[in-house]
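Novice: Got a file for you: target36.txt, compact mmCIF, C-alpha atoms.
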```
# COMPACT_ATOMS: atom_id res chain seq x y z
CA MET A 96 0.00 0.00 0.00
CA ASN A 97 1.38 3.44 -0.93
CA ARG A 98 1.77 6.38 1.44
CA VAL A 99 -1.52 8.04 0.43
CA GLY A 100 -3.42 4.79 0.94
CA LYS A 101 -1.92 4.26 4.38
CA LYS A 102 -2.89 7.76 5.46
CA ILE A 103 -6.50 7.40 4.30
CA PHE A 104 -6.86 4.00 5.96
CA LEU A 105 -5.39 5.38 9.18
CA VAL A 106 -7.79 8.35 9.28
CA VAL A 107 -10.88 6.22 8.66
CA ALA A 108 -9.78 3.49 11.07
CA THR A 109 -9.16 6.08 13.79
CA ALA A 110 -12.64 7.55 13.27
CA ILE A 111 -14.25 4.12 13.48
CA LEU A 112 -12.35 3.13 16.61
CA PHE A 113 -13.02 6.49 18.29
CA SER A 114 -16.74 6.16 17.56
CA GLY A 115 -16.74 2.70 19.08
CA ALA A 116 -14.93 3.91 22.17
CA ALA A 117 -17.39 6.78 22.55
CA GLY A 118 -20.25 4.26 22.72
CA ALA A 119 -18.45 1.87 25.07
CA GLN A 120 -20.65 2.86 28.02
CA VAL A 121 -23.96 2.03 26.31
CA SER A 122 -25.78 -1.29 26.52
CA THR A 123 -24.83 -3.56 23.62
CA ASP A 124 -26.44 -6.41 21.72
CA LEU A 125 -25.27 -8.96 19.12
CA GLY A 126 -26.85 -9.49 15.72
CA THR A 127 -26.27 -10.64 12.16
CA TRP A 128 -26.92 -9.16 8.71
CA SER A 129 -27.12 -11.61 5.79
CA SER A 130 -27.81 -10.61 2.20
CA VAL A 131 -27.89 -11.61 -1.47
CA HIS A 132 -27.34 -8.84 -4.05
CA ILE A 133 -27.65 -9.29 -7.83
CA THR A 134 -26.59 -6.73 -10.46
CA LYS A 135 -27.08 -6.97 -14.22
CA SER A 136 -25.28 -4.41 -16.39
CA PHE A 137 -26.24 -3.10 -19.84
CA ASP A 138 -23.23 -0.98 -20.77
CA ARG A 139 -23.64 2.07 -18.48
CA ALA A 140 -27.14 1.18 -17.28
CA PHE A 141 -27.80 -1.54 -14.70
CA VAL A 142 -30.61 -3.21 -12.77
CA MET A 143 -30.30 -4.66 -9.29
CA ALA A 144 -32.13 -6.73 -6.69
CA ARG A 145 -31.38 -7.51 -3.05
CA PHE A 146 -32.76 -9.55 -0.16
CA GLU A 147 -31.48 -9.03 3.39
CA HIS A 148 -32.25 -10.56 6.80
CA ARG A 149 -31.18 -9.01 10.11
CA SER A 150 -31.20 -10.62 13.56
CA PHE A 151 -30.78 -9.16 17.06
CA ASP A 152 -31.30 -10.12 20.73
CA ARG A 153 -28.07 -12.18 20.79
CA ILE A 154 -28.99 -13.59 17.35
CA ARG A 155 -32.12 -15.19 18.83
CA ALA A 156 -34.75 -13.14 16.97
CA THR A 157 -35.43 -11.48 13.63
CA GLU A 158 -35.13 -7.71 13.73
CA CYS A 159 -36.27 -7.15 10.13
CA TYR A 160 -35.96 -8.29 6.54
CA PHE A 161 -36.43 -6.52 3.23
CA ALA A 162 -36.42 -6.96 -0.54
CA MET A 163 -35.20 -4.32 -2.99
CA ALA A 164 -35.46 -3.81 -6.75
CA GLY A 165 -33.98 -0.90 -8.68
CA ALA A 166 -32.09 0.48 -11.63
CA GLY A 167 -29.20 2.88 -12.12
CA TYR A 168 -26.83 4.55 -14.55
CA ARG A 169 -23.07 5.15 -14.59
CA PHE A 170 -22.69 8.71 -15.85
CA ASN A 171 -18.90 8.45 -16.21
CA GLY A 172 -15.91 6.71 -14.65
CA TRP A 173 -16.48 8.16 -11.19
CA LEU A 174 -20.20 9.02 -10.77
CA ALA A 175 -23.23 6.69 -10.67
CA GLY A 176 -26.83 7.09 -9.56
CA ASP A 177 -29.77 4.76 -8.92
CA LEU A 178 -33.45 4.62 -7.98
CA SER A 179 -35.04 1.72 -6.10
CA TYR A 180 -38.04 0.43 -4.18
CA GLU A 181 -37.75 -1.48 -0.88
CA PHE A 182 -40.35 -3.63 0.89
CA TRP A 183 -39.63 -3.99 4.63
CA LYS A 184 -41.11 -6.26 7.28
CA ILE A 185 -40.07 -5.40 10.86
CA PRO A 186 -41.05 -8.04 13.49
CA SER A 187 -39.10 -6.19 16.22
CA ALA A 188 -41.48 -3.21 15.89
CA GLY A 189 -44.80 -5.04 15.97
CA ASN A 190 -44.38 -6.72 12.58
CA ILE A 191 -45.07 -3.49 10.72
CA THR A 192 -44.74 -3.20 6.93
CA THR A 193 -42.82 -0.29 5.39
CA HIS A 194 -42.40 0.79 1.77
CA LYS A 195 -39.38 2.92 0.79
CA ALA A 196 -38.62 5.00 -2.28
CA VAL A 197 -34.83 5.47 -2.51
CA ALA A 198 -32.52 7.64 -4.62
CA SER A 199 -28.73 7.74 -4.38
CA LEU A 200 -25.60 9.20 -5.98
CA THR A 201 -22.14 7.66 -5.53
CA GLY A 202 -18.85 9.32 -6.41
CA THR A 203 -15.64 7.26 -6.47
CA LEU A 204 -12.02 8.38 -6.75
CA LYS A 205 -9.34 5.81 -7.59
CA ARG A 206 -5.57 5.76 -7.54
CA ASP A 207 -3.90 2.47 -8.39
CA ALA A 208 -5.45 -0.15 -6.07
CA LEU A 209 -6.91 2.43 -3.67
CA ALA A 210 -10.52 3.61 -4.03
CA VAL A 211 -12.47 6.10 -1.91
CA SER A 212 -16.19 6.61 -2.44
CA LEU A 213 -18.87 8.88 -1.01
CA ARG A 214 -22.53 7.92 -1.35
CA GLU A 215 -25.46 10.21 -0.57
CA LYS A 216 -28.76 8.33 -0.31
CA TYR A 217 -32.24 9.71 0.35
CA GLU A 218 -35.00 7.40 1.60
CA LEU A 219 -38.72 8.23 1.82
CA ALA A 220 -40.48 5.66 3.99
CA PHE A 221 -44.24 4.98 4.00
CA ASN A 222 -45.70 3.00 6.91
CA ALA A 223 -48.47 0.69 5.72
CA ALA A 224 -50.42 1.50 8.90
CA GLY A 225 -50.67 5.15 7.84
CA GLY A 226 -49.17 8.41 9.05
CA ALA A 227 -46.91 10.93 7.36
CA PRO A 228 -43.98 9.57 5.32
CA GLY A 229 -40.53 9.99 6.87
CA GLY A 230 -37.38 11.07 5.05
CA THR A 231 -33.83 10.01 5.90
CA LEU A 232 -30.50 11.18 4.45
CA ARG A 233 -27.73 8.57 4.57
CA SER A 234 -24.11 9.67 4.00
CA ARG A 235 -21.59 6.85 3.52
CA LEU A 236 -17.80 7.08 3.22
CA ARG A 237 -15.89 3.97 2.11
CA THR A 238 -12.19 3.34 1.49
CA GLN A 239 -10.82 0.08 0.09
CA TYR A 240 -7.58 -1.35 -1.21
CA GLY A 241 -7.41 -4.21 -3.71
CA LEU A 242 -4.65 -6.73 -3.11
CA SER A 243 -2.90 -7.73 -6.34
CA ASP A 244 -1.66 -11.18 -5.31
CA ILE A 245 -4.91 -12.54 -3.80
CA PRO A 246 -8.61 -11.95 -4.69
CA LEU A 247 -9.24 -9.95 -1.52
CA THR A 248 -10.32 -6.32 -1.09
CA PRO A 249 -10.31 -5.09 2.55
CA TYR A 250 -12.34 -2.00 3.32
CA LEU A 251 -13.38 0.42 6.05
CA MET A 252 -16.73 2.19 5.92
CA PHE A 253 -18.75 4.71 7.91
CA GLU A 254 -22.40 5.65 7.37
CA LEU A 255 -24.45 8.35 9.09
CA PHE A 256 -28.28 8.56 9.14
CA ASN A 257 -30.09 11.89 9.70
CA GLY A 258 -33.86 12.46 9.77
CA PHE A 259 -35.83 15.31 8.21
CA ASN A 260 -38.78 15.38 10.63
CA GLY A 261 -36.95 16.81 13.63
CA GLU A 262 -35.23 13.55 14.64
CA GLY A 263 -31.70 14.73 13.77
CA TRP A 264 -29.12 11.95 14.22
CA ILE A 265 -30.78 8.55 13.94
CA ARG A 266 -27.90 6.07 13.83
CA SER A 267 -24.42 5.39 12.50
CA LEU A 268 -22.71 2.28 11.12
CA HIS A 269 -18.97 1.58 11.54
CA TYR A 270 -17.63 -1.23 9.32
CA ALA A 271 -14.43 -3.20 8.88
CA GLY A 272 -14.65 -5.93 6.27
CA ALA A 273 -13.38 -7.55 3.10
CA GLU A 274 -14.76 -8.62 -0.25
CA ILE A 275 -13.53 -12.03 -1.45
CA LYS A 276 -13.85 -12.76 -5.16
CA ILE A 277 -14.64 -16.45 -5.64
CA SER A 278 -15.29 -16.42 -9.40
CA ARG A 279 -15.63 -14.02 -12.32
CA HIS A 280 -19.19 -13.12 -11.34
CA SER A 281 -19.40 -13.99 -7.64
CA THR A 282 -18.08 -12.19 -4.55
CA ILE A 283 -18.48 -12.84 -0.83
CA ASP A 284 -18.61 -9.85 1.53
CA VAL A 285 -17.74 -10.47 5.20
CA PHE A 286 -17.66 -7.72 7.82
CA TYR A 287 -17.89 -6.65 11.44
CA MET A 288 -20.00 -3.59 12.14
CA TYR A 289 -20.52 -1.50 15.27
CA HIS A 290 -24.06 -0.09 15.07
CA LEU A 291 -24.95 2.93 17.21
CA PHE A 292 -28.60 4.01 17.20
CA ASN A 293 -30.96 6.45 18.87
CA LYS A 294 -33.93 4.88 20.66
CA ALA A 295 -36.24 6.87 22.94
CA ASP A 296 -33.56 9.58 23.33
CA ASN A 297 -30.98 7.03 24.51
CA VAL A 298 -28.00 5.67 22.58
CA PHE A 299 -27.86 1.90 22.12
CA ALA A 300 -25.34 -0.27 20.31
CA CYS A 301 -25.20 -3.60 18.52
CA ASN A 302 -22.23 -5.66 17.37
CA ILE A 303 -23.07 -7.00 13.92
CA LEU A 304 -21.49 -9.96 12.13
CA GLY A 305 -22.31 -9.73 8.44
CA ILE A 306 -22.04 -11.86 5.32
CA GLY A 307 -23.29 -11.15 1.83
CA TYR A 308 -23.23 -12.82 -1.56
CA MET A 309 -22.92 -10.53 -4.62
CA LEU A 310 -23.64 -11.81 -8.13
CA THR A 311 -22.67 -9.61 -11.10
CA LEU A 312 -24.10 -10.57 -14.50
```
Starting from the coordinates I provided, produce the structure as structure tokens.

Specialist:
Amino acid sequence: MNRVGKKIFLVVATAILFSGAAGAQVSTDLGTWSSVHITKSFDRAFVMARFEHRSFDRIRATECYFAMAGAGYRFNGWLAGDLSYEFWKIPSAGNITTHKAVASLTGTLKRDALAVSLREKYELAFNAAGGAPGGTLRSRLRTQYGLSDIPLTPYLMFELFNGFNGEGWIRSLHYAGAEIKISRHSTIDVFYMYHLFNKADNVFACNILGIGYMLTL
């Protein structure tokens, strides 16, 4: 890894570790996030689908699960955007159903094997039980470094959620993981994530073990 890459990794790692230390006094839980993500490209355009399941309560119960379908476009070598629909079922909140309309833009800068990306995502959620829709802005910073001698890409990632209806900070996700390429079209994503979230004006935390399968067609 070159000097620039080391500096960027150090800054992001320090931020993640500091955030974890800041939440060390809160009550913590253990959960899992498991997903399958499929992307089909048509030159610059692409379509995508995803299914994800999340557990909590020491991995003894389902927190939520959702399915997503969407489409996007790569405007150039560094900027892409997409629109999608998500169907959520949330047993941990009374088994409510939520529909989300989602729009995002992702900018990526690359230098040799190092890549840094910033994604801004806006979600508009509609509760099937009624009530006003709620908007959330998600800002995600990711840095990764591809290893040339093995099919492994370690990464660090931080994502911040802010509400538009007076909630302010909702939660933040602090990742350390790696993508493992197992074939030309298939990749496994494994990660640890420290999840801080706001619940009834108190900060809670969850240690997440995650695994995902990504299929690119």

Novice: Using all atoms listed in the file, find all polymer residues with an atom at most 8 Å away from the point (-36.3, 1.8, 16.6); report them as a PyMOL selection string.

Specialist: chain A and resi 188+293-294

Novice: Keeping C-alpha atoms for every residue in the selection just given, could you write it to a file as a CSV table (one decimal), in the coordinates of the input?

Specialist:
```
chain,number,residue,atom,x,y,z
A,188,ALA,CA,-41.5,-3.2,15.9
A,293,ASN,CA,-31.0,6.4,18.9
A,294,LYS,CA,-33.9,4.9,20.7
```

Novice: Residues within 7 Å of Tyr289 in chain A, please, as a ChimeraX atom specification. Count all atoms listed in the file; anything in the same chain fewer than 4 positions from it doesn't count.

Specialist: /A:115,268-270,301-303

Novice: Find the residue from A:Asn171, A:Ser187, A:Ser179, A:Ser243 that sits nearest to Arg149 in chain A; use all atoms listed in the file when measuring.

Specialist: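 When distances to Arg149 in chain A are compared using all atoms listed in the file, the smallest one comes from A:Ser187.
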
Novice: For Ile133 in chain A, which of A:Ile185, A:Leu312, A:Ala223, A:Met252 is the closest residue, counting only C-alpha atoms?

Specialist: A:Leu312

Novice: Identify which of the residues A:His132, A:His280, A:Arg145, A:Arg237 lies closest to Thr311 in chain A, counting all atoms listed in the file when measuring atom-to-atom distances.

Specialist: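 Distance minimum relative to Thr311 in chain A lands on A:His280.
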
Novice: Using all atoms listed in the file, find all polymer residues with an atom at most 12 Å away from the point (-43.8, 14.6, 6.4); report them as an mmCIF file with C-alpha atoms, in the frame of the given file.

Specialist:
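Everything below was put into out_2.cif:
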```
data_model
loop_
_atom_site.group_PDB
_atom_site.id
_atom_site.type_symbol
_atom_site.label_atom_id
_atom_site.label_comp_id
_atom_site.auth_asym_id
_atom_site.auth_seq_id
_atom_site.Cartn_x
_atom_site.Cartn_y
_atom_site.Cartn_z
ATOM 1 C CA LEU A 219 -38.720 8.230 1.820
ATOM 2 C CA ALA A 220 -40.480 5.660 3.990
ATOM 3 C CA PHE A 221 -44.240 4.980 4.000
ATOM 4 C CA ASN A 222 -45.700 3.000 6.910
ATOM 5 C CA GLY A 225 -50.670 5.150 7.840
ATOM 6 C CA GLY A 226 -49.170 8.410 9.050
ATOM 7 C CA ALA A 227 -46.910 10.930 7.360
ATOM 8 C CA PRO A 228 -43.980 9.570 5.320
ATOM 9 C CA GLY A 229 -40.530 9.990 6.870
ATOM 10 C CA GLY A 230 -37.380 11.070 5.050
ATOM 11 C CA THR A 231 -33.830 10.010 5.900
ATOM 12 C CA GLY A 258 -33.860 12.460 9.770
ATOM 13 C CA PHE A 259 -35.830 15.310 8.210
ATOM 14 C CA ASN A 260 -38.780 15.380 10.630
ATOM 15 C CA GLY A 261 -36.950 16.810 13.630
ATOM 16 C CA GLU A 262 -35.230 13.550 14.640
#
```

Novice: Write out as a PDB file with C-alpha atoms, in the frame of the given file the residues lying within 10 Å of Phe182 in chain A, counting only C-alpha atoms and excluding same-chain residues fewer than 2 positions away.

Specialist:
```
ATOM      1  CA  PHE A 146     -32.760  -9.550  -0.160  1.00  0.00           C
ATOM      2  CA  TYR A 160     -35.960  -8.290   6.540  1.00  0.00           C
ATOM      3  CA  PHE A 161     -36.430  -6.520   3.230  1.00  0.00           C
ATOM      4  CA  ALA A 162     -36.420  -6.960  -0.540  1.00  0.00           C
ATOM      5  CA  MET A 163     -35.200  -4.320  -2.990  1.00  0.00           C
ATOM      6  CA  ALA A 164     -35.460  -3.810  -6.750  1.00  0.00           C
ATOM      7  CA  TYR A 180     -38.040   0.430  -4.180  1.00  0.00           C
ATOM      8  CA  LYS A 184     -41.110  -6.260   7.280  1.00  0.00           C
ATOM      9  CA  THR A 192     -44.740  -3.200   6.930  1.00  0.00           C
ATOM     10  CA  THR A 193     -42.820  -0.290   5.390  1.00  0.00           C
ATOM     11  CA  HIS A 194     -42.400   0.790   1.770  1.00  0.00           C
ATOM     12  CA  LYS A 195     -39.380   2.920   0.790  1.00  0.00           C
ATOM     13  CA  ALA A 196     -38.620   5.000  -2.280  1.00  0.00           C
ATOM     14  CA  ALA A 220     -40.480   5.660   3.990  1.00  0.00           C
ATOM     15  CA  PHE A 221     -44.240   4.980   4.000  1.00  0.00           C
TER      16      PHE A 221
END
```

Novice: Mind checking which residues fall within 7 Å of Asn257 in chain A, counting all atoms listed in the file, ignoring those fewer than 2 positions away in the same chain, and posting them as a list of chain:residue names?

Specialist: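 Counting only the stated atoms, we get A:Thr231, A:Leu232, A:Arg233, A:Leu255, A:Phe259, A:Gly263, A:Trp264, A:Ile265.
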
Novice: Could you give me, as a short mmCIF file (atom, residue, chain, number, x, y, z; two decimals) with C-alpha atoms, in the coordinates of the input, the residues within 8 Å of Leu213 in chain A, counting all atoms listed in the file and dropping anything in the same chain fewer than 5 positions from it?

Specialist:
```
data_model
loop_
_atom_site.label_atom_id
_atom_site.label_comp_id
_atom_site.auth_asym_id
_atom_site.auth_seq_id
_atom_site.Cartn_x
_atom_site.Cartn_y
_atom_site.Cartn_z
CA THR A 201 -22.14 7.66 -5.53
CA GLY A 202 -18.85 9.32 -6.41
CA THR A 203 -15.64 7.26 -6.47
CA SER A 234 -24.11 9.67 4.00
CA ARG A 235 -21.59 6.85 3.52
CA LEU A 236 -17.80 7.08 3.22
CA ARG A 237 -15.89 3.97 2.11
#
```

Novice: For each of A:Phe151, A:Trp173, A:Phe286, A:Tyr250, take the minimum atom-to-atom distance to Ala300 in chain A, counting only C-alpha atoms, then give the residue where this is smallest.

Specialist: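 Nearest candidate to Ala300 in chain A out of A:Phe151, A:Trp173, A:Phe286, A:Tyr250: A:Phe151.
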
Novice: Report, in Å with one decimal, the straight-line distance from CA of Ala166 in chain A to CA of Ala140 in chain A.

Specialist: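 Rounded to one decimal, the two atoms are 7.5 Å apart.
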
Novice: Measure the distance from CA of Tyr168 in chain A to CA of Ser199 in chain A in Å and round it to one decimal.

Specialist: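 So the answer is 10.8 Å.
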
Novice: What is the CA of Ala210 in chain A-CA of Lys135 in chain A distance in Å, reported with one decimal?

Specialist: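 Separating CA of Ala210 in chain A from CA of Lys135 in chain A is a distance of 22.1 Å.
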
Novice: Which of these residues is nearest to Tyr240 in chain A, using only C-alpha atoms: A:Ala273, A:Val298, A:Ala208, A:Ala224?

Specialist: A:Ala208

Novice: Calculated over all atoms listed in the file, which of the candidates A:Leu251, A:Ile245, A:Ile283, A:Glu181 has the smallest distance to Ser212 in chain A?

Specialist: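 Smallest separation from Ser212 in chain A among the options: A:Leu251.
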
Novice: Complete range 168-179 of chain A at the level of all heavy atoms, written as a CSV table (one decimal), keeping the file's coordinate frame.

Specialist:
```
chain,number,residue,atom,x,y,z
A,168,TYR,N,-27.6,4.1,-13.4
A,168,TYR,CA,-26.8,4.6,-14.6
A,168,TYR,C,-25.5,5.1,-14.1
A,168,TYR,O,-25.4,5.8,-13.1
A,168,TYR,CB,-27.6,5.6,-15.3
A,168,TYR,CG,-27.0,6.0,-16.7
A,168,TYR,CD1,-27.3,5.1,-17.8
A,168,TYR,CD2,-26.2,7.1,-16.9
A,168,TYR,CE1,-26.7,5.4,-19.0
A,168,TYR,CE2,-25.6,7.4,-18.1
A,168,TYR,CZ,-25.9,6.5,-19.2
A,168,TYR,OH,-25.4,6.8,-20.4
A,169,ARG,N,-24.4,4.7,-14.8
A,169,ARG,CA,-23.1,5.2,-14.6
A,169,ARG,C,-22.8,6.3,-15.5
A,169,ARG,O,-22.6,6.1,-16.8
A,169,ARG,CB,-22.1,4.0,-14.8
A,169,ARG,CG,-22.3,2.8,-13.8
A,169,ARG,CD,-21.3,1.7,-14.1
A,169,ARG,NE,-21.5,0.6,-13.2
A,169,ARG,CZ,-22.3,-0.4,-13.5
A,169,ARG,NH1,-23.0,-0.5,-14.7
A,169,ARG,NH2,-22.5,-1.4,-12.7
A,170,PHE,N,-22.8,7.5,-15.0
A,170,PHE,CA,-22.7,8.7,-15.8
A,170,PHE,C,-21.3,8.8,-16.5
A,170,PHE,O,-21.1,9.3,-17.6
A,170,PHE,CB,-23.0,10.0,-15.0
A,170,PHE,CG,-24.4,9.9,-14.5
A,170,PHE,CD1,-24.6,9.6,-13.1
A,170,PHE,CD2,-25.5,10.2,-15.2
A,170,PHE,CE1,-25.9,9.6,-12.6
A,170,PHE,CE2,-26.8,10.2,-14.7
A,170,PHE,CZ,-27.0,9.9,-13.4
A,171,ASN,N,-20.3,8.4,-15.7
A,171,ASN,CA,-18.9,8.4,-16.2
A,171,ASN,C,-18.1,7.5,-15.4
A,171,ASN,O,-18.6,6.7,-14.7
A,171,ASN,CB,-18.3,9.9,-16.2
A,171,ASN,CG,-18.5,10.6,-14.8
A,171,ASN,OD1,-18.3,9.9,-13.8
A,171,ASN,ND2,-19.0,11.8,-14.8
A,172,GLY,N,-16.8,7.6,-15.4
A,172,GLY,CA,-15.9,6.7,-14.6
A,172,GLY,C,-15.9,6.9,-13.2
A,172,GLY,O,-15.5,6.0,-12.4
A,173,TRP,N,-16.5,8.0,-12.6
A,173,TRP,CA,-16.5,8.2,-11.2
A,173,TRP,C,-17.8,8.4,-10.5
A,173,TRP,O,-18.0,8.4,-9.3
A,173,TRP,CB,-15.5,9.3,-10.8
A,173,TRP,CG,-16.0,10.7,-11.4
A,173,TRP,CD1,-15.8,11.2,-12.6
A,173,TRP,CD2,-16.8,11.6,-10.7
A,173,TRP,NE1,-16.3,12.4,-12.7
A,173,TRP,CE2,-17.0,12.7,-11.5
A,173,TRP,CE3,-17.3,11.7,-9.4
A,173,TRP,CZ2,-17.7,13.8,-11.2
A,173,TRP,CZ3,-18.1,12.8,-9.0
A,173,TRP,CH2,-18.3,13.9,-9.9
A,174,LEU,N,-18.9,8.7,-11.3
A,174,LEU,CA,-20.2,9.0,-10.8
A,174,LEU,C,-21.3,8.1,-11.3
A,174,LEU,O,-21.4,7.9,-12.5
A,174,LEU,CB,-20.6,10.5,-11.1
A,174,LEU,CG,-21.9,11.0,-10.5
A,174,LEU,CD1,-21.8,11.0,-9.0
A,174,LEU,CD2,-22.2,12.4,-11.1
A,175,ALA,N,-22.1,7.6,-10.3
A,175,ALA,CA,-23.2,6.7,-10.7
A,175,ALA,C,-24.4,7.1,-9.8
A,175,ALA,O,-24.3,7.6,-8.7
A,175,ALA,CB,-22.9,5.2,-10.5
A,176,GLY,N,-25.6,6.8,-10.3
A,176,GLY,CA,-26.8,7.1,-9.6
A,176,GLY,C,-27.8,5.9,-9.7
A,176,GLY,O,-27.7,5.2,-10.7
A,177,ASP,N,-28.8,5.8,-8.8
A,177,ASP,CA,-29.8,4.8,-8.9
A,177,ASP,C,-31.1,5.1,-8.2
A,177,ASP,O,-31.1,6.0,-7.3
A,177,ASP,CB,-29.2,3.4,-8.4
A,177,ASP,CG,-28.9,3.4,-6.9
A,177,ASP,OD1,-29.8,3.5,-6.1
A,177,ASP,OD2,-27.6,3.4,-6.7
A,178,LEU,N,-32.1,4.5,-8.6
A,178,LEU,CA,-33.4,4.6,-8.0
A,178,LEU,C,-33.9,3.2,-7.6
A,178,LEU,O,-33.7,2.3,-8.4
A,178,LEU,CB,-34.4,5.3,-8.9
A,178,LEU,CG,-34.1,6.7,-9.4
A,178,LEU,CD1,-35.1,7.2,-10.4
A,178,LEU,CD2,-34.2,7.7,-8.2
A,179,SER,N,-34.6,3.1,-6.5
A,179,SER,CA,-35.0,1.7,-6.1
A,179,SER,C,-36.3,1.8,-5.2
A,179,SER,O,-36.6,2.8,-4.7
A,179,SER,CB,-33.9,1.0,-5.4
A,179,SER,OG,-33.5,1.6,-4.2
```
